[in-house]
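Right, one structure below, let's go through it.
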Amino acid sequence: MTSSGSRLTRRSFVGAVAGLGAAAATGTALHGTASASTAAAAPAKVDRAVGLGLLGGAVHTLGRSAEGWVLVAADGTARATTGLGGAEVNDMTTAPGGLVAVGATSDGARSVPSVWESVDGLAWRRTSELTGLDGHLTVVGSYGSAALAVGASLTLERAPRQRIVVRRDAAGWALVPTTGLAYTDQWTASAVAGGADGWTVSTVDASGSSVATSPDGLDWTPSAQLVDVAVRSLATTGAGIRWVGNAMGGSGAVTGVVGADRRPVPVPQEAQALGTVGDRSYWLVDGRIVSATV
Amino acid sequence: MITFSNIDGTPVYYWRTNRGNTTTRNWNATQAFYDRLVLWIRDLRSLSSAYGSVSYVVSAGFYVNKAGQHGAGTAMDIDHIRWSNGTTTSPLDRAHASGTQQIRRRYLALDAVARRRFRFVLDGWYNAEHADHIHADFGGLPTTCETGSESDTKFVQAMCNNFMNSGLAVDGDWGPLTQSAFNTAKSRLAVTGDPHSSSSVWAGMMSKVAQKGFANQAF
């Protein structure tokens with residue numbers, strides 16, 4: 001693993017965030033390649049969105065538009081990013097110093113699991129890459145000063161082959177050995193979250209999601225199985241581990257608490273779960289971001 | 001993404017929470033992937049017409065909210081197929097590992113039909129995750145037979161074993177024994193051309209394998 005990141009400094013986010021809640025982003029996609037610091041906010045339609053992060057207390061996601069990855073505010077306005085060109089970005093979250101995103105970069109027929117970091121969500125810099133692996137990181141979570149990203153090495157057919165876990169501490173990002181997760185090797189990690197008691201990860205197979213917990217991100221214990229749902233967000237609450245995701249038989253929006261009943265989320269049928277911040281869940285619906293209380 | 005509940009008129013059900021359930025589900029996929037599904041099911045209908053029409057398909061998912069082809073709306077997991085004469089093939093029941101040759105051959109026939117239209121087809125021989133469904137996606141197109149592909153190699157080895165009693169190890173390693181058996185299969189199926197470089201040759205070979213499999217005939 002290489003780590004090229006020097007300590008980034010926080011600076012003010014330059015954006016046009018009109019507010020939280022259900023919002024539409026329609027119209028034409030962004031044009032031009034204005035620099036991150038001067039990029040104007042504009043409506044953008046995205047075909048994919050990944051993760052949620054807080055900038056100045058406001059929720060943002062990364063969206064993929066015709067012109068590349070854009071930072072989308074909750075009101076639907078979007079700004080072009082730099083540093084993510086050609087990247088497969090799979091998740092993004094808030095971390096100390098700004099935002100962190102994970103995915104892979106293309107290396108010919110292979111893909112290199114990678115981590116990017118950004119102070120303002122606009123200018124991204126790859127800070128870590130697992131140069132010896134063909135695979136990708138699919139989820140990232142953070143708690144306190146630590147962050148954890150989970151992914152898999154991939155077969156030629158791009159099926160998960162073996163679990164990958166990378167952890168960020170004061171020394172930076174490092175690939176870490178794990179125990180107790182081998183049973184998930186051939187499944188896709190779809191959510192990870194940190195809390196006072198440690199880490200929770202969810203992986204998806206053909207039948208649903210499997211949740212595992214760990215005090216340190218290294219040693220894992222299977223926790224629960226959730227049939228017919230791809231979990232995209234986990235949070236430890238007073239009631240237990242709350243999850244948000246999409247059904248697999250169809251794709252309805254659902255939420256629940258591990259060990260308790262599930263219920264539909266009042267968003268359109270085709271809504272794709274992005275994650276949660278506090279008690280609000282965020283969804284991609286026909287290129288727009290909408291939110292609902294969970 | 002588009003929403004659909006049937007593929008070219010054939011309903012698609014979900015059984016992972018309630019086996020035998022025929023409640024309509026709203027599935028999502030890209031328009032381009034759905035269009036490919038239409039070609040696939042028309043192939044299936046044509047090549048298995050002796051069983052009557054395809055009554056329904058059971059799937060474990062198309063668009064699934066996770067990274068990769070499912071997350072892009074460009075993948076399908078096949079659990080079960082039923083025809084109007086009552087015949088079934090059930091990856092969900094691990095038909096590839098059945099003790100009955102006819103059931104294994106029918107599974108391979110379904111597998112072969114998928115390989116006509118999809119490059120990355122992951123079946124019960126591929127790995128444990130796919131022991132209970134056949135996955136097909138948009139990756140790696142166009143469709144050819146790649147000797148470096150574990151998926152293609154294991155399929156060819158299983159095919160040779162089940163239709164020619166070749167006695168190959170299904171290990172994903174395309175060695176001289178696999179090559180010899182593959183050559184024999186090509187000859188017996190009267191395949192001309194190179195399935196490794198020509199999509200039409202490979203698709204044609206898969207049609208012949210499917211016909212043999214649905215008819216439970218050795219070659």
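Numbering starts fresh at 1 for the residues of each chain in the structure tokens, the chains themselves are lettered A, B, ... in the order given, and ligands are numbered from 1 as they appear.
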Residues of chain A at most 6 Å from chain B: nearest atom pair and distance in Å, only C-alpha atoms, as a tab-separated table:
residue	atom	partner	partner_atom	distance
A:Glu157	CA	B:Phe120	CA	5.9
A:Ser190	CA	B:Lys66	CA	5.6
A:Ala230	CA	B:Asn65	CA	5.9
A:Met248	CA	B:Gly61	CA	5.5
A:Gly249	CA	B:Tyr14	CA	5.6
A:Gly250	CA	B:Trp27	CA	4.5
Practice item. Find the residues near Thr81 in chain A: any atom within 8 Å, counting only C-alpha atoms, skip ones fewer than 4 places away on the same chain, and give them as a ChimeraX atom specification. Key: /A:35-36,68-71,121-124
Kindly save the residues from that selection, with C-alpha atoms included, as a CSV table (one decimal), in the first residue's frame.
chain,number,residue,atom,x,y,z
A,35,SER,CA,-11.5,24.7,-11.1
A,36,ALA,CA,-13.0,23.3,-7.9
A,68,GLY,CA,-18.0,13.1,-14.4
A,69,TRP,CA,-18.3,13.1,-10.7
A,70,VAL,CA,-20.0,16.1,-9.2
A,71,LEU,CA,-20.7,17.2,-5.6
A,121,GLY,CA,-15.7,17.9,-1.6
A,122,LEU,CA,-14.6,19.5,-4.8
A,123,ALA,CA,-10.8,19.0,-5.0
A,124,TRP,CA,-10.1,15.3,-4.4
From the list B:Ala136, B:Leu47, B:Ala158, B:Met164, the nearest residue to Gln211 in chain B using only C-alpha atoms is B:Leu47
Residues flagged strand (DSSP E) by DSSP in range 57-121 of chain A, as number ranges by chain
A: 58-65, 68-73, 77-80, 88-95, 98-107, 110-118
Generate the output file for the selected residues, N, CA and C atoms, as a compact mmCIF listing (two decimals), in the first residue's frame.
# COMPACT_ATOMS: atom_id res chain seq x y z
N ALA A 58 -23.99 20.66 6.18
CA ALA A 58 -24.96 20.38 5.13
C ALA A 58 -24.64 19.05 4.46
N VAL A 59 -25.69 18.30 4.10
CA VAL A 59 -25.53 16.98 3.50
C VAL A 59 -25.18 17.11 2.02
N HIS A 60 -24.23 16.32 1.59
CA HIS A 60 -23.84 16.25 0.18
C HIS A 60 -23.64 14.79 -0.20
N THR A 61 -23.74 14.54 -1.50
CA THR A 61 -23.39 13.22 -2.04
C THR A 61 -22.52 13.43 -3.27
N LEU A 62 -21.87 12.35 -3.68
CA LEU A 62 -21.12 12.39 -4.94
C LEU A 62 -21.99 11.77 -6.02
N GLY A 63 -22.19 12.48 -7.09
CA GLY A 63 -23.01 11.97 -8.19
C GLY A 63 -22.20 11.86 -9.46
N ARG A 64 -22.59 10.91 -10.28
CA ARG A 64 -21.91 10.75 -11.57
C ARG A 64 -22.80 11.31 -12.67
N SER A 65 -22.33 12.38 -13.28
CA SER A 65 -23.06 13.01 -14.37
C SER A 65 -22.36 12.69 -15.68
N GLY A 68 -18.80 13.66 -15.49
CA GLY A 68 -17.95 13.09 -14.44
C GLY A 68 -18.58 13.25 -13.07
N TRP A 69 -17.76 13.04 -12.04
CA TRP A 69 -18.27 13.10 -10.68
C TRP A 69 -18.51 14.54 -10.25
N VAL A 70 -19.67 14.77 -9.65
CA VAL A 70 -20.03 16.10 -9.17
C VAL A 70 -20.44 15.99 -7.70
N LEU A 71 -20.22 17.08 -6.99
CA LEU A 71 -20.65 17.16 -5.60
C LEU A 71 -22.06 17.72 -5.58
N VAL A 72 -23.00 16.95 -5.09
CA VAL A 72 -24.40 17.33 -5.13
C VAL A 72 -24.87 17.71 -3.74
N ALA A 73 -25.42 18.90 -3.62
CA ALA A 73 -25.98 19.36 -2.35
C ALA A 73 -27.41 18.85 -2.22
N THR A 77 -28.33 21.22 -6.30
CA THR A 77 -27.28 21.88 -7.06
C THR A 77 -25.99 21.05 -7.00
N ALA A 78 -25.20 21.17 -8.04
CA ALA A 78 -24.02 20.34 -8.15
C ALA A 78 -22.84 21.16 -8.64
N ARG A 79 -21.67 20.72 -8.22
CA ARG A 79 -20.43 21.37 -8.66
C ARG A 79 -19.47 20.30 -9.16
N ALA A 80 -18.74 20.65 -10.19
CA ALA A 80 -17.76 19.72 -10.74
C ALA A 80 -16.66 19.46 -9.73
N GLU A 88 -13.71 4.69 -10.32
CA GLU A 88 -14.91 3.99 -9.88
C GLU A 88 -15.09 4.36 -8.41
N VAL A 89 -16.00 5.27 -8.12
CA VAL A 89 -16.24 5.67 -6.74
C VAL A 89 -17.47 4.92 -6.23
N ASN A 90 -17.32 4.26 -5.11
CA ASN A 90 -18.41 3.43 -4.59
C ASN A 90 -19.04 3.94 -3.30
N ASP A 91 -18.33 4.77 -2.56
CA ASP A 91 -18.90 5.26 -1.31
C ASP A 91 -18.15 6.51 -0.87
N MET A 92 -18.76 7.28 -0.02
CA MET A 92 -18.16 8.51 0.49
C MET A 92 -18.76 8.80 1.86
N THR A 93 -17.96 9.37 2.74
CA THR A 93 -18.48 9.72 4.05
C THR A 93 -17.70 10.88 4.63
N THR A 94 -18.21 11.40 5.72
CA THR A 94 -17.51 12.46 6.46
C THR A 94 -16.40 11.84 7.29
N ALA A 95 -15.27 12.50 7.32
CA ALA A 95 -14.15 12.04 8.14
C ALA A 95 -13.42 13.26 8.65
N GLY A 98 -12.50 16.53 6.50
CA GLY A 98 -13.31 16.71 5.30
C GLY A 98 -14.08 15.46 4.94
N LEU A 99 -13.89 15.00 3.71
CA LEU A 99 -14.61 13.83 3.21
C LEU A 99 -13.61 12.77 2.75
N VAL A 100 -14.04 11.53 2.78
CA VAL A 100 -13.22 10.44 2.25
C VAL A 100 -14.10 9.61 1.34
N ALA A 101 -13.56 9.22 0.19
CA ALA A 101 -14.28 8.39 -0.77
C ALA A 101 -13.43 7.16 -1.08
N VAL A 102 -14.09 6.08 -1.46
CA VAL A 102 -13.36 4.85 -1.78
C VAL A 102 -13.91 4.24 -3.06
N GLY A 103 -13.09 3.44 -3.69
CA GLY A 103 -13.48 2.77 -4.93
C GLY A 103 -12.27 2.11 -5.55
N ALA A 104 -12.03 2.43 -6.83
CA ALA A 104 -10.89 1.86 -7.53
C ALA A 104 -10.53 2.75 -8.70
N THR A 105 -9.29 2.62 -9.11
CA THR A 105 -8.85 3.27 -10.33
C THR A 105 -8.46 2.21 -11.33
N SER A 106 -8.68 2.49 -12.58
CA SER A 106 -8.40 1.52 -13.63
C SER A 106 -6.91 1.42 -13.90
N ASP A 107 -6.46 0.18 -14.04
CA ASP A 107 -5.07 -0.06 -14.41
C ASP A 107 -5.09 -1.12 -15.51
N ARG A 110 -7.12 -4.36 -14.95
CA ARG A 110 -7.26 -4.51 -13.50
C ARG A 110 -7.81 -3.22 -12.90
N SER A 111 -8.25 -3.33 -11.66
CA SER A 111 -8.64 -2.13 -10.94
C SER A 111 -7.90 -2.13 -9.61
N VAL A 112 -7.47 -0.97 -9.22
CA VAL A 112 -6.66 -0.81 -8.01
C VAL A 112 -7.52 -0.19 -6.92
N PRO A 113 -7.74 -0.91 -5.82
CA PRO A 113 -8.52 -0.34 -4.71
C PRO A 113 -7.88 0.98 -4.24
N SER A 114 -8.71 2.00 -4.10
CA SER A 114 -8.17 3.34 -3.84
C SER A 114 -9.01 4.12 -2.85
N VAL A 115 -8.35 5.08 -2.21
CA VAL A 115 -8.99 6.00 -1.28
C VAL A 115 -8.67 7.42 -1.72
N TRP A 116 -9.68 8.28 -1.71
CA TRP A 116 -9.47 9.69 -1.99
C TRP A 116 -9.94 10.50 -0.79
N GLU A 117 -9.32 11.65 -0.62
CA GLU A 117 -9.76 12.55 0.46
C GLU A 117 -9.89 13.96 -0.08
N SER A 118 -10.79 14.72 0.55
CA SER A 118 -11.04 16.08 0.11
C SER A 118 -11.43 16.94 1.30
Near-Val258 in chain A list (7 Å; only C-alpha atoms; drop same-chain fewer than 4 positions) as number ranges by chain:
A: 240-242
Dump as a tab-separated table (two decimals), in the first residue's frame, selection limited to C-alpha atoms:
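The resulting file, result29.tsv, is reproduced below:
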chain	number	residue	atom	x	y	z
A	240	GLY	CA	-30.23	-1.35	18.23
A	241	ILE	CA	-28.56	-1.43	14.82
A	242	ARG	CA	-30.77	0.50	12.42
